[in-house]
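Participant: Below is start.cif; it holds mmCIF, C-alpha atoms.
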```cif
data_entry
loop_
_atom_site.label_atom_id
_atom_site.label_comp_id
_atom_site.auth_asym_id
_atom_site.auth_seq_id
_atom_site.Cartn_x
_atom_site.Cartn_y
_atom_site.Cartn_z
CA MET A 1 72.33 30.11 50.97
CA MET A 2 75.14 31.56 48.88
CA ALA A 3 77.87 33.12 51.01
CA SER A 4 77.81 36.28 48.87
CA ARG A 5 74.23 36.93 50.00
CA ILE A 6 74.93 36.58 53.70
CA PRO A 7 75.01 40.01 55.37
CA GLU A 8 78.33 41.12 56.82
CA SER A 9 76.82 43.33 59.51
CA THR A 10 73.68 43.88 61.52
CA ARG A 11 72.11 46.62 63.55
CA ALA A 12 71.48 45.69 67.19
CA LEU A 13 70.08 47.48 70.23
CA VAL A 14 72.78 47.29 72.91
CA ILE A 15 73.05 48.33 76.53
CA LYS A 16 75.49 51.12 77.40
CA LYS A 17 76.30 52.16 80.95
CA CYS A 18 74.94 55.50 82.09
CA SER A 19 77.16 57.98 83.94
CA ALA A 20 77.96 57.27 87.59
CA GLU A 21 76.21 60.53 88.51
CA ALA A 22 72.91 59.54 86.88
CA THR A 23 70.03 59.55 89.37
CA PRO A 24 68.07 57.40 89.13
CA VAL A 25 70.13 54.83 87.24
CA TYR A 26 68.84 54.38 83.69
CA HIS A 27 71.31 52.77 81.33
CA HIS A 28 71.25 53.66 77.64
CA ALA A 29 69.76 51.59 74.82
CA VAL A 30 71.83 52.36 71.72
CA LEU A 31 71.35 51.17 68.16
CA GLU A 32 74.73 50.06 66.77
CA THR A 33 75.95 48.44 63.57
CA ARG A 34 78.08 45.38 64.31
CA PRO A 35 79.91 42.85 62.15
CA LEU A 36 78.37 39.39 61.89
CA GLN A 37 80.72 36.53 62.72
CA GLN A 38 81.27 33.75 60.22
CA LEU A 39 79.03 30.77 60.84
CA LYS A 40 80.67 27.89 62.70
CA GLN A 41 79.62 24.25 62.55
CA GLY A 42 76.20 23.84 64.16
CA GLU A 43 75.23 27.51 63.74
CA VAL A 44 72.54 29.23 61.67
CA LEU A 45 71.80 32.84 60.78
CA VAL A 46 68.29 34.04 61.57
CA LYS A 47 66.82 37.11 59.90
CA MET A 48 64.62 38.45 62.67
CA GLY A 49 61.03 39.25 61.78
CA ALA A 50 59.88 40.44 65.21
CA VAL A 51 61.17 40.71 68.77
CA SER A 52 59.32 41.40 72.01
CA PHE A 53 59.96 43.06 75.34
CA ASN A 54 60.05 41.47 78.76
CA HIS A 55 60.13 43.28 82.10
CA ARG A 56 63.74 42.18 82.52
CA ASP A 57 64.71 44.48 79.62
CA LEU A 58 63.44 47.45 81.63
CA TRP A 59 64.99 46.15 84.86
CA ILE A 60 68.35 45.94 83.08
CA ARG A 61 68.12 49.60 82.11
CA LEU A 62 67.18 50.47 85.70
CA GLY A 63 70.24 48.57 86.98
CA GLN A 64 67.95 46.22 88.90
CA TYR A 65 68.97 42.97 87.22
CA PRO A 66 72.00 40.82 88.12
CA GLY A 67 74.90 40.13 85.75
CA ILE A 68 74.40 43.01 83.30
CA ASN A 69 76.93 42.82 80.47
CA PHE A 70 77.34 46.31 79.01
CA GLY A 71 77.75 46.27 75.25
CA SER A 72 75.53 43.22 74.78
CA ALA A 73 72.25 43.20 72.89
CA PHE A 74 68.88 43.39 74.62
CA GLY A 75 66.13 40.84 74.17
CA ALA A 76 65.22 37.26 75.09
CA ASP A 77 62.33 36.84 72.66
CA GLY A 78 62.42 36.86 68.88
CA ALA A 79 61.22 35.06 65.76
CA GLY A 80 62.32 35.06 62.15
CA THR A 81 63.60 32.96 59.27
CA VAL A 82 66.79 30.91 58.92
CA ILE A 83 68.57 32.41 55.90
CA ALA A 84 71.96 30.71 56.20
CA SER A 85 73.62 27.73 57.86
CA ALA A 86 77.10 26.31 58.24
CA ASP A 87 75.56 23.21 56.65
CA SER A 88 74.47 24.02 53.08
CA ASN A 89 71.95 21.14 53.21
CA ASP A 90 70.43 22.19 56.52
CA ALA A 91 66.72 21.33 56.70
CA LEU A 92 66.14 24.55 58.64
CA LEU A 93 67.12 26.77 55.71
CA ASN A 94 64.28 29.17 54.79
CA LYS A 95 62.18 27.86 57.69
CA ARG A 96 60.46 30.12 60.23
CA VAL A 97 61.79 29.68 63.75
CA PHE A 98 61.96 31.32 67.17
CA LEU A 99 65.00 31.43 69.44
CA THR A 100 64.97 29.53 72.72
CA PRO A 101 65.19 32.28 75.37
CA MET A 102 67.48 30.46 77.81
CA ARG A 103 70.47 28.13 78.14
CA GLY A 104 71.54 25.58 80.74
CA TRP A 105 68.35 23.60 81.35
CA GLU A 106 67.70 20.70 79.02
CA SER A 107 65.15 18.32 80.49
CA LYS A 108 65.59 17.72 84.23
CA PRO A 109 62.09 17.83 85.81
CA ASP A 110 62.81 19.88 88.93
CA ALA A 111 65.55 22.40 88.12
CA PRO A 112 68.52 23.02 85.79
CA GLU A 113 70.97 20.12 85.49
CA THR A 114 73.89 22.11 86.92
CA GLU A 115 73.54 24.78 89.58
CA GLY A 116 74.57 28.18 88.27
CA SER A 117 74.43 27.13 84.61
CA PHE A 118 71.07 28.69 83.78
CA GLY A 119 71.06 31.90 81.74
CA ILE A 120 68.63 34.02 79.74
CA LEU A 121 69.22 35.72 76.39
CA GLY A 122 69.72 39.48 76.33
CA GLY A 123 71.90 41.81 78.37
CA GLY A 124 74.13 39.18 79.97
CA ARG A 125 77.12 36.90 79.37
CA ASN A 126 75.32 33.56 79.56
CA PRO A 127 74.59 33.34 76.70
CA PRO A 128 76.34 36.33 75.07
CA LEU A 129 73.57 37.15 72.59
CA GLY A 130 70.26 38.98 72.45
CA THR A 131 67.35 39.04 70.03
CA PHE A 132 67.07 42.81 69.51
CA SER A 133 69.02 42.65 66.28
CA GLU A 134 68.21 42.48 62.57
CA TYR A 135 70.22 39.25 62.23
CA VAL A 136 71.29 36.78 64.92
CA VAL A 137 73.86 33.98 64.72
CA VAL A 138 72.66 31.16 66.96
CA GLU A 139 73.18 27.44 67.58
CA ARG A 140 70.82 25.48 65.35
CA ASN A 141 69.74 23.30 68.29
CA GLN A 142 68.57 26.47 70.09
CA VAL A 143 65.84 27.37 67.63
CA ILE A 144 62.36 25.83 67.39
CA ARG A 145 60.12 25.77 64.33
CA SER A 146 57.42 28.45 64.54
CA PRO A 147 53.81 27.17 64.65
CA ASP A 148 52.12 27.59 61.27
CA HIS A 149 49.04 29.35 62.67
CA LEU A 150 51.07 32.33 63.94
CA ASP A 151 53.00 35.11 62.22
CA ASP A 152 56.39 36.33 63.48
CA ILE A 153 54.83 39.10 65.60
CA GLN A 154 52.68 36.59 67.45
CA VAL A 155 55.48 34.03 67.75
CA SER A 156 57.86 36.62 69.21
CA ALA A 157 55.36 37.09 72.06
CA TRP A 158 55.61 33.41 73.00
CA PRO A 159 59.01 31.99 74.08
CA LEU A 160 59.95 33.36 77.53
CA GLY A 161 56.37 34.04 78.60
CA GLY A 162 55.00 30.81 77.19
CA LEU A 163 57.71 28.75 78.88
CA THR A 164 57.22 30.51 82.23
CA ALA A 165 53.44 30.17 81.99
CA TRP A 166 53.58 26.49 81.02
CA ARG A 167 55.86 25.51 83.87
CA ALA A 168 53.86 27.50 86.41
CA ALA A 169 50.42 26.39 85.22
CA ILE A 170 50.97 22.85 83.95
CA VAL A 171 54.17 21.45 85.47
CA ASN A 172 53.81 23.02 88.93
CA ALA A 173 50.13 23.91 89.45
CA GLU A 174 48.99 20.87 87.38
CA ALA A 175 45.98 22.81 86.12
CA SER A 176 43.36 20.50 84.64
CA LYS A 177 39.77 20.34 83.42
CA ASP A 178 37.14 21.89 85.71
CA GLN A 179 39.66 23.14 88.27
CA ASN A 180 39.36 26.70 89.54
CA ILE A 181 42.58 28.62 88.86
CA LEU A 182 43.31 32.15 90.08
CA ILE A 183 45.81 34.19 88.06
CA THR A 184 46.95 37.46 89.59
CA GLY A 185 48.01 40.57 87.71
CA ILE A 186 46.28 39.81 84.42
CA GLY A 187 47.53 41.90 81.51
CA GLY A 188 51.17 40.90 81.60
CA GLY A 189 52.46 38.50 78.96
CA VAL A 190 53.03 35.53 81.29
CA ALA A 191 49.69 35.91 83.10
CA LEU A 192 47.77 36.07 79.82
CA LEU A 193 49.55 33.05 78.36
CA ALA A 194 48.93 31.14 81.60
CA MET A 195 45.25 32.01 81.31
CA GLN A 196 45.11 30.83 77.69
CA ILE A 197 46.90 27.58 78.55
CA CYS A 198 44.61 26.89 81.53
CA LEU A 199 41.52 27.64 79.44
CA ALA A 200 42.75 25.24 76.75
CA ARG A 201 43.09 22.62 79.50
CA GLY A 202 39.44 23.15 80.40
CA ALA A 203 40.03 24.93 83.70
CA ASN A 204 37.87 27.74 85.10
CA VAL A 205 40.07 30.83 85.28
CA TYR A 206 39.62 33.81 87.60
CA VAL A 207 41.86 36.85 87.49
CA THR A 208 42.90 39.89 89.49
CA SER A 209 44.01 43.27 88.20
CA GLY A 210 44.19 46.87 89.31
CA SER A 211 42.37 47.76 86.09
CA GLU A 212 38.68 47.08 85.47
CA GLU A 213 39.38 47.33 81.73
CA LYS A 214 41.96 44.51 81.91
CA ILE A 215 39.47 42.36 83.83
CA ARG A 216 36.87 42.98 81.11
CA LYS A 217 39.36 42.03 78.40
CA ALA A 218 40.35 38.84 80.26
CA THR A 219 36.68 37.88 80.64
CA ALA A 220 36.19 38.45 76.91
CA LEU A 221 39.03 35.99 76.29
CA GLY A 222 37.33 33.32 78.42
CA ALA A 223 37.99 34.02 82.11
CA LYS A 224 35.02 33.32 84.39
CA GLY A 225 35.48 36.70 86.05
CA GLY A 226 37.89 38.91 87.95
CA VAL A 227 38.33 41.17 90.95
CA ASN A 228 40.21 44.42 91.47
CA TYR A 229 43.12 43.82 93.85
CA LYS A 230 43.02 47.48 94.89
CA LEU A 231 39.87 46.67 96.87
CA LYS A 232 40.75 45.78 100.47
CA ASP A 233 38.23 42.95 100.53
CA TRP A 234 38.94 41.56 97.05
CA PRO A 235 38.99 37.94 98.32
CA SER A 236 35.33 38.26 99.42
CA HIS A 237 34.41 39.45 95.91
CA LEU A 238 36.15 36.35 94.54
CA VAL A 239 34.17 34.16 96.96
CA ALA A 240 30.98 35.62 95.49
CA LEU A 241 32.15 34.91 91.92
CA LEU A 242 33.05 31.32 92.82
CA ALA A 243 29.69 30.76 94.49
CA LYS A 244 27.86 32.18 91.48
CA ASN A 245 29.68 29.95 89.01
CA SER A 246 30.38 26.76 90.95
CA GLY A 247 28.29 26.75 94.14
CA LYS A 248 28.77 28.02 97.70
CA SER A 249 31.41 25.44 98.64
CA ALA A 250 33.65 26.14 95.64
CA LYS A 251 37.33 26.75 96.31
CA ILE A 252 40.38 27.75 94.31
CA ASP A 253 42.58 24.78 93.35
CA ALA A 254 45.71 26.76 92.54
CA VAL A 255 46.96 30.34 92.35
CA LEU A 256 49.46 31.55 89.74
CA ASP A 257 51.09 34.66 91.17
CA SER A 258 53.66 37.21 90.07
CA GLY A 259 53.35 39.69 92.92
CA GLY A 260 54.53 38.02 96.12
CA GLY A 261 53.87 39.69 99.48
CA ASP A 262 50.70 38.65 101.30
CA ILE A 263 49.14 36.61 98.49
CA ILE A 264 48.91 33.38 100.52
CA THR A 265 47.36 34.97 103.60
CA ARG A 266 44.84 36.78 101.38
CA VAL A 267 43.70 33.61 99.60
CA ASN A 268 44.03 31.16 102.50
CA SER A 269 40.30 30.93 103.16
CA ILE A 270 39.36 30.40 99.51
CA LEU A 271 42.24 28.07 98.56
CA LYS A 272 41.34 24.41 98.98
CA GLN A 273 43.14 22.15 101.45
CA GLY A 274 46.27 20.95 99.68
CA GLY A 275 45.96 23.80 97.19
CA LYS A 276 49.01 25.35 95.57
CA VAL A 277 50.31 28.88 95.23
CA VAL A 278 52.82 28.95 92.37
CA VAL A 279 54.94 32.10 92.34
CA TYR A 280 56.87 33.02 89.19
CA GLY A 281 57.68 36.61 90.16
CA MET A 282 57.60 39.08 93.02
CA THR A 283 56.82 42.47 91.52
CA ALA A 284 54.90 43.72 94.58
CA ASN A 285 57.05 42.43 97.43
CA PRO A 286 60.27 40.34 97.43
CA GLN A 287 59.03 38.26 100.38
CA ILE A 288 56.02 36.02 100.88
CA LYS A 289 54.30 35.49 104.21
CA PHE A 290 53.62 31.81 104.97
CA THR A 291 51.93 31.01 108.30
CA MET A 292 50.88 28.04 110.39
CA ARG A 293 47.36 28.37 108.97
CA GLU A 294 48.67 27.30 105.57
CA VAL A 295 50.70 24.47 107.12
CA LEU A 296 47.62 23.07 108.84
CA LYS A 297 45.74 23.13 105.52
CA ASN A 298 48.58 21.38 103.67
CA GLN A 299 48.71 24.32 101.28
CA ARG A 300 51.87 24.52 99.21
CA LEU A 301 54.05 27.40 98.06
CA ILE A 302 56.05 26.62 94.91
CA GLY A 303 58.69 28.77 93.25
CA SER A 304 58.71 28.57 89.45
CA THR A 305 61.36 30.10 87.18
CA MET A 306 60.99 29.74 83.41
CA GLY A 307 61.62 26.07 82.52
CA SER A 308 63.62 23.57 80.50
CA LEU A 309 64.09 23.09 76.76
CA LYS A 310 61.80 20.06 77.05
CA ASP A 311 59.16 22.21 78.80
CA LEU A 312 59.37 24.73 75.95
CA ALA A 313 59.01 22.02 73.30
CA ASP A 314 56.01 20.54 75.16
CA ALA A 315 54.43 23.97 75.60
CA THR A 316 54.89 24.86 71.93
CA THR A 317 53.32 21.58 70.81
CA PHE A 318 50.35 22.25 73.12
CA MET A 319 50.07 25.84 71.88
CA SER A 320 50.09 24.66 68.28
CA GLU A 321 47.54 21.88 68.86
CA HIS A 322 45.14 24.27 70.61
CA ARG A 323 45.79 27.13 68.17
CA ILE A 324 46.63 29.51 71.03
CA VAL A 325 47.41 33.02 69.79
CA PRO A 326 49.56 35.10 72.18
CA VAL A 327 48.01 38.47 72.99
CA VAL A 328 49.92 41.42 71.51
CA SER A 329 49.30 44.86 72.98
CA HIS A 330 51.46 47.11 70.80
CA VAL A 331 53.45 46.64 67.58
CA LEU A 332 56.30 49.13 67.05
CA GLU A 333 58.05 49.59 63.73
CA GLY A 334 61.80 48.94 63.69
CA LEU A 335 64.49 48.83 66.37
CA GLU A 336 64.70 52.62 66.24
CA ALA A 337 61.27 52.65 67.96
CA ALA A 338 62.57 50.69 70.96
CA GLU A 339 62.52 53.70 73.30
CA GLU A 340 58.75 53.85 72.91
CA GLY A 341 58.61 50.22 74.03
CA PHE A 342 60.56 50.97 77.19
CA GLU A 343 58.21 53.87 77.96
CA LEU A 344 55.19 51.62 77.48
CA MET A 345 56.75 49.09 79.86
CA LYS A 346 57.28 51.82 82.45
CA ARG A 347 53.63 52.85 82.29
CA GLY A 348 52.47 49.26 82.66
CA ASP A 349 49.07 49.76 81.06
CA GLN A 350 49.62 47.24 78.26
CA PHE A 351 47.41 44.18 77.85
CA GLY A 352 49.69 41.60 76.26
CA LYS A 353 53.16 41.84 74.79
CA ILE A 354 54.94 44.83 73.31
CA VAL A 355 56.51 43.77 70.02
CA ILE A 356 58.92 45.36 67.55
CA ARG A 357 58.48 44.43 63.91
CA ILE A 358 61.94 44.29 62.32
CA ASN A 359 61.53 46.04 59.01
CA ASP A 360 63.73 46.03 55.92
CA LYS A 361 64.23 49.78 55.80
CA ALA A 362 67.66 49.58 57.38
CA LYS A 363 70.64 49.64 55.04
CA THR A 364 72.37 46.39 55.91
CA LYS A 365 75.72 45.80 54.19
CA LEU A 366 75.71 42.70 52.01
#
```
Please, can you express the file's structure as structure tokens?
Facilitator:
Amino acid sequence: MMASRIPESTRALVIKKCSAEATPVYHHAVLETRPLQQLKQGEVLVKMGAVSFNHRDLWIRLGQYPGINFGSAFGADGAGTVIASADSNDALLNKRVFLTPMRGWESKPDAPETEGSFGILGGGRNPPLGTFSEYVVVERNQVIRSPDHLDDIQVSAWPLGGLTAWRAAIVNAEASKDQNILITGIGGGVALLAMQICLARGANVYVTSGSEEKIRKATALGAKGGVNYKLKDWPSHLVALLAKNSGKSAKIDAVLDSGGGDIITRVNSILKQGGKVVVYGMTANPQIKFTMREVLKNQRLIGSTMGSLKDLADATTFMSEHRIVPVVSHVLEGLEAAEEGFELMKRGDQFGKIVIRINDKAKTKL
């Protein structure tokens, strides 16, 4: 693209520290105009079409996330179009892409190649960029072509959640055809994507939620059924569902969990011998109880954090082949509507991702 048409500045939503007296802590999200740096070799400029929220964006504002870098842009997820490149013949020019949401993990199967090297976009120093911006300068090898069956809003709901879901469900739980998979806390972006991935694999998916409405929506998307985790005896309700669908002796093959706490002791009796509990978050309790009962049944507890660049490429290929469409709960118009997104995250009643469509109303200096 001609240099004269490359914007000189961009608006970005950045994190600003709240006053020391603020109780509770809630850092500011401020829309600022910032100069765009000149493209260096190996870099491209992406005009963002849509960006989406993750819980970490809210945790950053609450001061509950490590390594906050005040003055940096929010956002790990975003999709758009490459409008400029340091290489005038770049094959990515005018192509739709999404940004990889992390750095420091290329392809090693078990964990990042170097301890301490892993970082997530948005609000931190590693890497020092976020997606909540009208334009983003990024390394060309850190963008992936967007699947043709999705628009930017849908693609923006994929990267971090899709990667986390893929590694939890496929790499760690090894979900496969006809297995019974339990996914807790349905309604969140990762849980829904994990459900869609498992269903595409041919697994039978069961869900938990504190909302009957979310259970109904998950069933409409293909889940075999769900139980309300607010019920004290929810595991017995799940036993009944399993028996109805797969016979009295049916067990759960793997659990994908984001809550932590007593999940293993609650599912012990319905999880098969050698079954897995894959935990990708601990929103309910930062500890998990693991007892001798689970040891004697050879049941396994596996921690799962996001994944590698290879995992993301594999997941995106699978998503494209199976025409998976990420579930979007709300679409907000423009970065100036971001505060509404944070409020929606606080309430927690969304079913799917909260997305901001980046519109062209802003006066960007060319």
Participant: Might you spell out which residues the PyMOL selection byres ((chain A and resi 333-338) around 6) would select in the displayed file, as a list in words?
Facilitator: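 Expected selection for the PyMOL selection byres ((chain A and resi 333-338) around 6) here is Leu332, Glu339, Glu340, Gly341, Ile356, Arg357, Ile358 and Asn359 of chain A.
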Participant: Find the spatial neighbours of stretch 86-90 of chain A, counting all atoms listed in the file, within a cut-off of 7 Å - ignore same-chain residues fewer than 3 positions away - and output them as a ChimeraX atom specification.
Facilitator: /A:1,39-44,93
Participant: Could you name the residues that touch stretch 291-293 of chain A at 12 Å or less, counting all atoms listed in the file, but leaving out those on the same chain fewer than 2 positions away, as a VMD selection string?
Facilitator: chain A and resid 262 to 269 271 273 to 274 288 to 289 295 to 301
Participant: Identify which of the residues A:Gly119, A:Pro24, A:Thr10, A:Ser209 lies closest to A:Gly104, counting all atoms listed in the file when measuring atom-to-atom distances.
Facilitator: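 Among the listed residues, A:Gly119 lies closest to A:Gly104.
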Participant: I need the residue nearest A:Ser304 from this list: A:Ser320, A:Thr164, A:Gln154, A:Asn228. Use all atoms listed in the file for the distance.
Facilitator: A:Thr164
Participant: Just how far from atom CA of A:Val97 is atom CA of A:Gln142, in Å to one decimal?
Facilitator: 9.8 Å
Participant: Could you check which of A:Ala243, A:Ala50, A:Leu129, A:Ala20 is closest to A:Ala73, using all atoms listed in the file?
Facilitator: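 Nearest to A:Ala73: A:Leu129.
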Participant: At a cut-off of 8 Å, using all atoms listed in the file, what residues contact A:Gly225? Leave out same-chain residues fewer than 5 positions from it and give the result as a list in words.
Facilitator: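 Result of the neighbour search: Val205, Tyr206, Val207, Ile215, Ala218, Thr219 and Leu241 of chain A.
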Participant: Once the PyMOL selection byres ((chain A and resi 157) around 8) is applied to the coordinates I shared, what remains selected? I want it as a ChimeraX atom specification.
Facilitator: /A:51-52,77-78,153-156,158-159,161,189,326-328,353-355
Participant: I'd like the contact shell of A:Leu256 - 12 Å cut-off, all atoms listed in the file, skipping same-chain residues fewer than 6 positions apart - returned as a PyMOL selection string.
Facilitator: chain A and resi 164-175+180-186+190-195+198+205-208+263-264+267+271+275-282+301-304
Participant: Could you spell out the hits of the PyMOL selection byres ((chain A and resi 99) around 12) on the shown file, as a ChimeraX atom specification?
Facilitator: /A:44-52,75-82,96-98,100-103,120-122,129-132,135-146,152,155-160,309,312-313
Participant: For the residues in the current selection, export C-alpha atoms as a JSON list (two decimals), in the frame of the given file.
Facilitator:
```json
[["chain", "number", "residue", "atom", "x", "y", "z"],
["A", 44, "VAL", "CA", 72.54, 29.23, 61.67],
["A", 45, "LEU", "CA", 71.80, 32.84, 60.78],
["A", 46, "VAL", "CA", 68.29, 34.04, 61.57],
["A", 47, "LYS", "CA", 66.82, 37.11, 59.90],
["A", 48, "MET", "CA", 64.62, 38.45, 62.67],
["A", 49, "GLY", "CA", 61.03, 39.25, 61.78],
["A", 50, "ALA", "CA", 59.88, 40.44, 65.21],
["A", 51, "VAL", "CA", 61.17, 40.71, 68.77],
["A", 52, "SER", "CA", 59.32, 41.40, 72.01],
["A", 75, "GLY", "CA", 66.13, 40.84, 74.17],
["A", 76, "ALA", "CA", 65.22, 37.26, 75.09],
["A", 77, "ASP", "CA", 62.33, 36.84, 72.66],
["A", 78, "GLY", "CA", 62.42, 36.86, 68.88],
["A", 79, "ALA", "CA", 61.22, 35.06, 65.76],
["A", 80, "GLY", "CA", 62.32, 35.06, 62.15],
["A", 81, "THR", "CA", 63.60, 32.96, 59.27],
["A", 82, "VAL", "CA", 66.79, 30.91, 58.92],
["A", 96, "ARG", "CA", 60.46, 30.12, 60.23],
["A", 97, "VAL", "CA", 61.79, 29.68, 63.75],
["A", 98, "PHE", "CA", 61.96, 31.32, 67.17],
["A", 100, "THR", "CA", 64.97, 29.53, 72.72],
["A", 101, "PRO", "CA", 65.19, 32.28, 75.37],
["A", 102, "MET", "CA", 67.48, 30.46, 77.81],
["A", 103, "ARG", "CA", 70.47, 28.13, 78.14],
["A", 120, "ILE", "CA", 68.63, 34.02, 79.74],
["A", 121, "LEU", "CA", 69.22, 35.72, 76.39],
["A", 122, "GLY", "CA", 69.72, 39.48, 76.33],
["A", 129, "LEU", "CA", 73.57, 37.15, 72.59],
["A", 130, "GLY", "CA", 70.26, 38.98, 72.45],
["A", 131, "THR", "CA", 67.35, 39.04, 70.03],
["A", 132, "PHE", "CA", 67.07, 42.81, 69.51],
["A", 135, "TYR", "CA", 70.22, 39.25, 62.23],
["A", 136, "VAL", "CA", 71.29, 36.78, 64.92],
["A", 137, "VAL", "CA", 73.86, 33.98, 64.72],
["A", 138, "VAL", "CA", 72.66, 31.16, 66.96],
["A", 139, "GLU", "CA", 73.18, 27.44, 67.58],
["A", 140, "ARG", "CA", 70.82, 25.48, 65.35],
["A", 141, "ASN", "CA", 69.74, 23.30, 68.29],
["A", 142, "GLN", "CA", 68.57, 26.47, 70.09],
["A", 143, "VAL", "CA", 65.84, 27.37, 67.63],
["A", 144, "ILE", "CA", 62.36, 25.83, 67.39],
["A", 145, "ARG", "CA", 60.12, 25.77, 64.33],
["A", 146, "SER", "CA", 57.42, 28.45, 64.54],
["A", 152, "ASP", "CA", 56.39, 36.33, 63.48],
["A", 155, "VAL", "CA", 55.48, 34.03, 67.75],
["A", 156, "SER", "CA", 57.86, 36.62, 69.21],
["A", 157, "ALA", "CA", 55.36, 37.09, 72.06],
["A", 158, "TRP", "CA", 55.61, 33.41, 73.00],
["A", 159, "PRO", "CA", 59.01, 31.99, 74.08],
["A", 160, "LEU", "CA", 59.95, 33.36, 77.53],
["A", 309, "LEU", "CA", 64.09, 23.09, 76.76],
["A", 312, "LEU", "CA", 59.37, 24.73, 75.95],
["A", 313, "ALA", "CA", 59.01, 22.02, 73.30]]
```
Participant: For A:Glu321, please output as a PyMOL selection string all residues within 12 Å (counting only C-alpha atoms; exclusion window: fewer than 2 positions along the same chain).
Facilitator: chain A and resi 147-149+197+200-201+314-319+323-325
Participant: Using the selection just defined, write its residues with C-alpha atoms as an mmCIF file, in the frame of the given file.
Facilitator:
```
data_model
loop_
_atom_site.group_PDB
_atom_site.id
_atom_site.type_symbol
_atom_site.label_atom_id
_atom_site.label_comp_id
_atom_site.auth_asym_id
_atom_site.auth_seq_id
_atom_site.Cartn_x
_atom_site.Cartn_y
_atom_site.Cartn_z
ATOM 1 C CA PRO A 147 53.810 27.170 64.650
ATOM 2 C CA ASP A 148 52.120 27.590 61.270
ATOM 3 C CA HIS A 149 49.040 29.350 62.670
ATOM 4 C CA ILE A 197 46.900 27.580 78.550
ATOM 5 C CA ALA A 200 42.750 25.240 76.750
ATOM 6 C CA ARG A 201 43.090 22.620 79.500
ATOM 7 C CA ASP A 314 56.010 20.540 75.160
ATOM 8 C CA ALA A 315 54.430 23.970 75.600
ATOM 9 C CA THR A 316 54.890 24.860 71.930
ATOM 10 C CA THR A 317 53.320 21.580 70.810
ATOM 11 C CA PHE A 318 50.350 22.250 73.120
ATOM 12 C CA MET A 319 50.070 25.840 71.880
ATOM 13 C CA ARG A 323 45.790 27.130 68.170
ATOM 14 C CA ILE A 324 46.630 29.510 71.030
ATOM 15 C CA VAL A 325 47.410 33.020 69.790
#
```
Participant: Take stretch 69-81 of chain A, bring it up to N, CA and C atoms, and give me the output as a compact mmCIF listing (two decimals), keeping the file's coordinate frame.
Facilitator:
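Result file is out35.txt:
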```txt
# COMPACT_ATOMS: atom_id res chain seq x y z
N ASN A 69 75.72 42.80 81.29
CA ASN A 69 76.93 42.82 80.47
C ASN A 69 76.82 43.99 79.49
N PHE A 70 77.43 45.12 79.85
CA PHE A 70 77.34 46.31 79.01
C PHE A 70 77.98 46.05 77.65
N GLY A 71 77.30 46.52 76.62
CA GLY A 71 77.75 46.27 75.25
C GLY A 71 77.06 45.10 74.59
N SER A 72 76.25 44.36 75.36
CA SER A 72 75.53 43.22 74.78
C SER A 72 74.15 43.66 74.31
N ALA A 73 73.56 42.86 73.45
CA ALA A 73 72.25 43.20 72.89
C ALA A 73 71.13 42.85 73.87
N PHE A 74 70.08 43.66 73.84
CA PHE A 74 68.88 43.39 74.62
C PHE A 74 68.10 42.23 73.98
N GLY A 75 67.14 41.69 74.74
CA GLY A 75 66.13 40.84 74.17
C GLY A 75 66.30 39.35 74.37
N ALA A 76 65.24 38.72 74.94
CA ALA A 76 65.22 37.26 75.09
C ALA A 76 64.29 36.62 74.08
N ASP A 77 63.36 37.40 73.53
CA ASP A 77 62.33 36.84 72.66
C ASP A 77 62.46 37.35 71.23
N GLY A 78 62.38 36.44 70.27
CA GLY A 78 62.42 36.86 68.88
C GLY A 78 62.11 35.71 67.94
N ALA A 79 61.57 36.06 66.77
CA ALA A 79 61.22 35.06 65.76
C ALA A 79 61.62 35.59 64.39
N GLY A 80 61.92 34.65 63.49
CA GLY A 80 62.32 35.06 62.15
C GLY A 80 62.49 33.87 61.24
N THR A 81 63.39 34.00 60.28
CA THR A 81 63.60 32.96 59.27
C THR A 81 65.08 32.63 59.16
```
